[in-house]
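Here is the structure we will look at.
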Amino acid sequence: MTNIHSEYYRVASYQCNNERKLKLESVLNLLQDSLECFAQTYNFGVDFGRKSNKGWVIRNNDVNIYDLPTFDDRLVIDTQIKNMHKSILEFSSDAYMVGNRKKKLFSSVSQTVLIDMSTLRPVRIKENVPHIPSEENAVKTPVLPITPLSRVDQELDKPVMWDYIDFNQHVNNAAYVVFARQTLPSSFYQQNDLVKVKVAYKAPATLGDTMVVQTQREGLESIHRIVSKSDKTKEFARLQMFWRERE
């Protein structure tokens with residue numbers, strides 16, 4: 001049985017930047033939406049989670065950007081399960097222009113963990129979601145490594161505001177990438193295009209938290225660590241971005 005799910009989208013004006021291209025946070029939100037649509041289609045998404053008191057948490061995300069659609073473009077995101085091991089489900093997603101699957105726009109590998117909402121501990125997928133359209137793999141899902149910071153070039157305080165909170169009651173995943181990019185000078189990302197971003201989500205930030213975004217930049221690579229202002233040993237996320245000079 002194939003487990004590829006195709007979800008179609010139209011690029012709306014509010015999803016675009018001042019160049020009429022799909023914004024970075026919109027890319028991440030569309031990729032997350034495609035995962036949710038896949039899970040809902042196969043009955044292990046939000047509705048199933050509410051009934052069973054289980055939830056999916058994105059642990060790692062590795063996104064490649066090849067080209068960005070512009071306002072009113074139509075795109076399709078194909079999503080499938082790449083691997084399943086114990087409590088971890090790994091997805092791959094590929095975005096194309098509608099009618100042209102030779103033109104890949106962006107892609108991702110996302111690792112999600114099934115947790116029990118009462119204990120907030122990981123639980124085995126097959127024991128709790130027996131109808132999932134994939135067989136468990138004996139090979140452990142590899143961690144997507146992120147280079148650690150060796151120094152801090154820039155710090156930015158980001159108090160958690162109500163608008164950052166999603167319906168899971170914590171800061172939306174896409175927001176961390178936006179915060180990391182805000183530590184770079186505007187001239188840098190006006191002269192360069194982001195081609196790859198890797199994110200490891202460590203702990204959820206909630207109302208009342210103040211985050212500190214720490215950044216190190218080496219040429220066309222930037223590394224970021226988002227921590228708690230009150231306890232900098234508490235990490236919310238780690239990120240690594242790769243950029244390309246504009247022609």
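So you can find residues: chains in the structure tokens are A, B, ... in the order shown, residues in each start at 1, and ligands are numbered from 1 in order.
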As a PDB file with C-alpha atoms, in the first residue's frame, please: the residues near region 48-61 of chain A (cut-off 8 Å, only C-alpha atoms, same-chain neighbours under 3 positions excluded).
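Output contents, as saved in around02.pdb:
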ATOM      1  CA  ASN A  43      -6.587   8.711  11.221  1.00  0.00           C
ATOM      2  CA  PHE A  44      -3.654   9.307  13.527  1.00  0.00           C
ATOM      3  CA  GLY A  45      -3.705  13.109  13.556  1.00  0.00           C
ATOM      4  CA  SER A 108      12.094  18.262   4.155  1.00  0.00           C
ATOM      5  CA  VAL A 109      12.833  15.332   6.408  1.00  0.00           C
ATOM      6  CA  SER A 110      10.883  15.602   9.670  1.00  0.00           C
ATOM      7  CA  GLN A 111      11.212  13.372  12.707  1.00  0.00           C
ATOM      8  CA  THR A 112       8.191  13.266  15.018  1.00  0.00           C
ATOM      9  CA  VAL A 113       7.801  11.545  18.391  1.00  0.00           C
ATOM     10  CA  LEU A 114       4.565  10.074  19.756  1.00  0.00           C
ATOM     11  CA  ILE A 115       4.070  11.050  23.392  1.00  0.00           C
ATOM     12  CA  ASP A 116       1.533  10.300  26.108  1.00  0.00           C
ATOM     13  CA  MET A 117      -0.020  13.653  27.024  1.00  0.00           C
ATOM     14  CA  SER A 118      -0.449  12.651  30.688  1.00  0.00           C
ATOM     15  CA  VAL A 143      19.669  11.865  14.564  1.00  0.00           C
ATOM     16  CA  LEU A 144      20.003  14.914  12.295  1.00  0.00           C
ATOM     17  CA  LYS A 198      18.124  22.344  10.207  1.00  0.00           C
ATOM     18  CA  VAL A 199      16.179  22.606  13.468  1.00  0.00           C
ATOM     19  CA  ALA A 200      16.306  20.469  16.594  1.00  0.00           C
ATOM     20  CA  TYR A 201      13.450  21.211  18.973  1.00  0.00           C
ATOM     21  CA  LYS A 202      14.560  20.615  22.548  1.00  0.00           C
TER      22      LYS A 202
END
With only C-alpha atoms as the counted atoms, please give the residues lying no more than 7 Å from His170 (chain A), apart from itself and same-chain residues fewer than 3 positions off, as number ranges by chain. A: 165-166, 204-206
Considering only C-alpha atoms, return as a PyMOL selection string whatever protein or nucleic-acid residues lie within 12 Å of region 101-103 of chain A, sequence-local ones (same chain, fewer than 6 positions apart) excluded. chain A and resi 6+65-69+75-78+94-95
Expected answer as an NGL selection string: helix (DSSP H, G or I) residues in region 8-239 of chain A: :A and (13-15 or 24-41 or 46-52 or 125-128 or 162-164 or 173-181 or 186-191)
Export N, CA and C atoms of the chosen residues as a CSV table (one decimal), in the first residue's frame?
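To be explicit, this is the file written out as result-v6.csv:
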chain,number,residue,atom,x,y,z
A,13,SER,N,-1.4,36.2,-0.6
A,13,SER,CA,-0.6,37.4,-0.4
A,13,SER,C,0.0,37.5,1.0
A,14,TYR,N,-0.7,37.1,2.0
A,14,TYR,CA,-0.2,37.2,3.4
A,14,TYR,C,0.9,36.2,3.7
A,15,GLN,N,1.1,35.2,2.8
A,15,GLN,CA,2.2,34.3,3.0
A,15,GLN,C,3.5,34.7,2.3
A,24,LEU,N,9.8,32.4,4.6
A,24,LEU,CA,10.4,31.2,5.2
A,24,LEU,C,9.4,30.6,6.2
A,25,GLU,N,8.8,31.4,7.0
A,25,GLU,CA,7.8,30.8,8.0
A,25,GLU,C,6.6,30.2,7.3
A,26,SER,N,6.3,30.7,6.1
A,26,SER,CA,5.2,30.1,5.4
A,26,SER,C,5.6,28.7,4.8
A,27,VAL,N,6.9,28.6,4.4
A,27,VAL,CA,7.4,27.3,3.9
A,27,VAL,C,7.2,26.3,5.1
A,28,LEU,N,7.7,26.7,6.3
A,28,LEU,CA,7.7,25.7,7.4
A,28,LEU,C,6.3,25.4,7.8
A,29,ASN,N,5.4,26.4,7.8
A,29,ASN,CA,4.0,26.1,8.2
A,29,ASN,C,3.3,25.2,7.1
A,30,LEU,N,3.6,25.4,5.9
A,30,LEU,CA,3.0,24.5,4.8
A,30,LEU,C,3.5,23.1,5.0
A,31,LEU,N,4.8,22.9,5.3
A,31,LEU,CA,5.3,21.6,5.5
A,31,LEU,C,4.7,20.9,6.7
A,32,GLN,N,4.5,21.7,7.8
A,32,GLN,CA,3.9,21.1,8.9
A,32,GLN,C,2.4,20.8,8.7
A,33,ASP,N,1.7,21.6,7.9
A,33,ASP,CA,0.3,21.4,7.5
A,33,ASP,C,0.2,20.1,6.7
A,34,SER,N,1.2,19.9,5.8
A,34,SER,CA,1.2,18.7,5.0
A,34,SER,C,1.3,17.4,5.9
A,35,LEU,N,2.1,17.5,6.9
A,35,LEU,CA,2.2,16.4,7.9
A,35,LEU,C,0.9,16.1,8.6
A,36,GLU,N,0.3,17.2,9.0
A,36,GLU,CA,-1.0,17.1,9.7
A,36,GLU,C,-2.1,16.5,8.8
A,37,CYS,N,-2.1,16.9,7.5
A,37,CYS,CA,-3.1,16.4,6.6
A,37,CYS,C,-2.8,14.9,6.3
A,38,PHE,N,-1.6,14.5,6.2
A,38,PHE,CA,-1.3,13.1,6.1
A,38,PHE,C,-1.8,12.3,7.2
A,39,ALA,N,-1.5,12.8,8.5
A,39,ALA,CA,-1.9,12.1,9.7
A,39,ALA,C,-3.4,12.0,9.8
A,40,GLN,N,-4.1,13.1,9.5
A,40,GLN,CA,-5.6,13.1,9.5
A,40,GLN,C,-6.1,12.2,8.5
A,41,THR,N,-5.5,12.1,7.3
A,41,THR,CA,-6.0,11.2,6.3
A,41,THR,C,-6.0,9.8,6.7
A,46,VAL,N,-4.7,15.0,14.7
A,46,VAL,CA,-5.2,15.7,15.9
A,46,VAL,C,-6.4,15.1,16.5
A,47,ASP,N,-7.4,14.7,15.7
A,47,ASP,CA,-8.6,14.1,16.2
A,47,ASP,C,-8.3,12.8,17.0
A,48,PHE,N,-7.5,11.9,16.4
A,48,PHE,CA,-7.1,10.7,17.0
A,48,PHE,C,-6.4,11.0,18.4
A,49,GLY,N,-5.5,12.0,18.3
A,49,GLY,CA,-4.7,12.3,19.5
A,49,GLY,C,-5.6,12.7,20.7
A,50,ARG,N,-6.6,13.5,20.4
A,50,ARG,CA,-7.5,14.0,21.4
A,50,ARG,C,-8.3,12.8,22.1
A,51,LYS,N,-8.7,11.9,21.3
A,51,LYS,CA,-9.5,10.8,21.8
A,51,LYS,C,-8.6,9.8,22.6
A,52,SER,N,-7.3,9.7,22.2
A,52,SER,CA,-6.4,8.7,22.8
A,52,SER,C,-5.5,9.3,23.8
A,125,ILE,N,4.9,3.5,18.9
A,125,ILE,CA,3.8,3.8,17.9
A,125,ILE,C,2.9,2.6,17.7
A,126,LYS,N,3.5,1.5,17.4
A,126,LYS,CA,2.7,0.3,17.0
A,126,LYS,C,1.8,-0.2,18.0
A,127,GLU,N,2.1,0.1,19.3
A,127,GLU,CA,1.2,-0.3,20.4
A,127,GLU,C,0.0,0.6,20.6
A,128,ASN,N,0.2,1.9,20.1
A,128,ASN,CA,-0.8,2.9,20.3
A,128,ASN,C,-1.5,3.3,19.0
A,162,TRP,N,1.8,36.4,23.3
A,162,TRP,CA,0.6,35.6,23.0
A,162,TRP,C,0.5,35.2,21.6
A,163,ASP,N,0.9,36.0,20.7
A,163,ASP,CA,0.8,35.8,19.2
A,163,ASP,C,1.7,34.6,18.8
A,164,TYR,N,2.7,34.3,19.6
A,164,TYR,CA,3.6,33.2,19.2
A,164,TYR,C,3.0,31.8,19.5
A,173,ASN,N,6.4,26.1,16.0
A,173,ASN,CA,7.7,25.7,15.5
A,173,ASN,C,8.4,26.7,14.5
A,174,ALA,N,7.6,27.2,13.6
A,174,ALA,CA,8.2,28.1,12.6
A,174,ALA,C,8.7,29.4,13.2
A,175,ALA,N,8.3,29.8,14.4
A,175,ALA,CA,8.7,31.0,15.0
A,175,ALA,C,10.2,31.0,15.4
A,176,TYR,N,10.7,29.8,15.8
A,176,TYR,CA,12.1,29.7,16.2
A,176,TYR,C,13.0,30.1,15.0
A,177,VAL,N,12.6,29.7,13.8
A,177,VAL,CA,13.5,30.0,12.7
A,177,VAL,C,13.4,31.5,12.4
A,178,VAL,N,12.3,32.1,12.6
A,178,VAL,CA,12.1,33.6,12.4
A,178,VAL,C,13.0,34.3,13.4
A,179,PHE,N,12.9,33.9,14.6
A,179,PHE,CA,13.7,34.5,15.7
A,179,PHE,C,15.2,34.4,15.4
A,180,ALA,N,15.7,33.2,15.0
A,180,ALA,CA,17.1,33.0,14.7
A,180,ALA,C,17.5,34.0,13.5
A,181,ARG,N,16.7,34.1,12.5
A,181,ARG,CA,17.1,35.0,11.4
A,181,ARG,C,17.1,36.4,11.8
A,186,SER,N,19.9,42.8,8.4
A,186,SER,CA,19.0,42.7,7.3
A,186,SER,C,19.7,42.7,6.0
A,187,SER,N,20.9,43.4,5.9
A,187,SER,CA,21.7,43.4,4.7
A,187,SER,C,22.2,42.0,4.3
A,188,PHE,N,22.4,41.2,5.3
A,188,PHE,CA,22.9,39.8,5.0
A,188,PHE,C,21.8,39.0,4.3
A,189,TYR,N,20.6,39.0,4.8
A,189,TYR,CA,19.6,38.1,4.1
A,189,TYR,C,18.9,38.9,3.0
A,190,GLN,N,19.2,40.1,2.8
A,190,GLN,CA,18.8,40.8,1.5
A,190,GLN,C,19.8,40.4,0.4
A,191,GLN,N,21.0,40.1,0.8
A,191,GLN,CA,22.1,39.8,-0.2
A,191,GLN,C,22.2,38.3,-0.5
What does the distance from CA of Ser92 (chain A) to CA of Lys21 (chain A) come to in Å, to one decimal?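 If I compute the distance from CA of Ser92 (chain A) to CA of Lys21 (chain A), I get 23.1 Å.
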DSSP says strand (DSSP E) for which residues of region 31-121 of chain A? Put them as JSON, numbers by chain? {"A": [54, 55, 56, 57, 58, 59, 60, 61, 62, 63, 64, 65, 74, 75, 76, 77, 78, 79, 80, 81, 82, 83, 84, 85, 88, 89, 90, 91, 92, 93, 94, 95, 96, 97, 100, 101, 102, 103, 104, 105, 106, 107, 108, 109, 110, 111, 112, 113, 114, 115, 116, 121]}
How many Å lie between CA of Ser222 (chain A) and CA of Ser107 (chain A), rounded to one decimal? 20.0 Å
Proximity to Pro130 (chain A) - best of A:Asp153, A:Tyr42, A:Thr215, A:Leu239, only C-alpha atoms: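 Between A:Asp153, A:Tyr42, A:Thr215, A:Leu239, the residue approaching Pro130 (chain A) most closely is A:Tyr42.
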If you measure from CA of Tyr8 (chain A) to CA of Arg74 (chain A), what distance in Å do you get, rounded to one decimal?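 Distance between the two atoms: 7.3 Å.
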From A:Ile88, A:Ile226, A:Asn168, A:Val63, residue lying nearest Phe242 (chain A) [only C-alpha atoms]: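 Nearest candidate to Phe242 (chain A) out of A:Ile88, A:Ile226, A:Asn168, A:Val63: A:Val63.
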Which residue out of A:Gln240, A:Gln182, A:Asn172, A:Asn83 has the minimum interatomic distance to Ala138 (chain A) when only C-alpha atoms are used?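 The shortest atom-to-atom distance to Ala138 (chain A) comes from A:Asn83.
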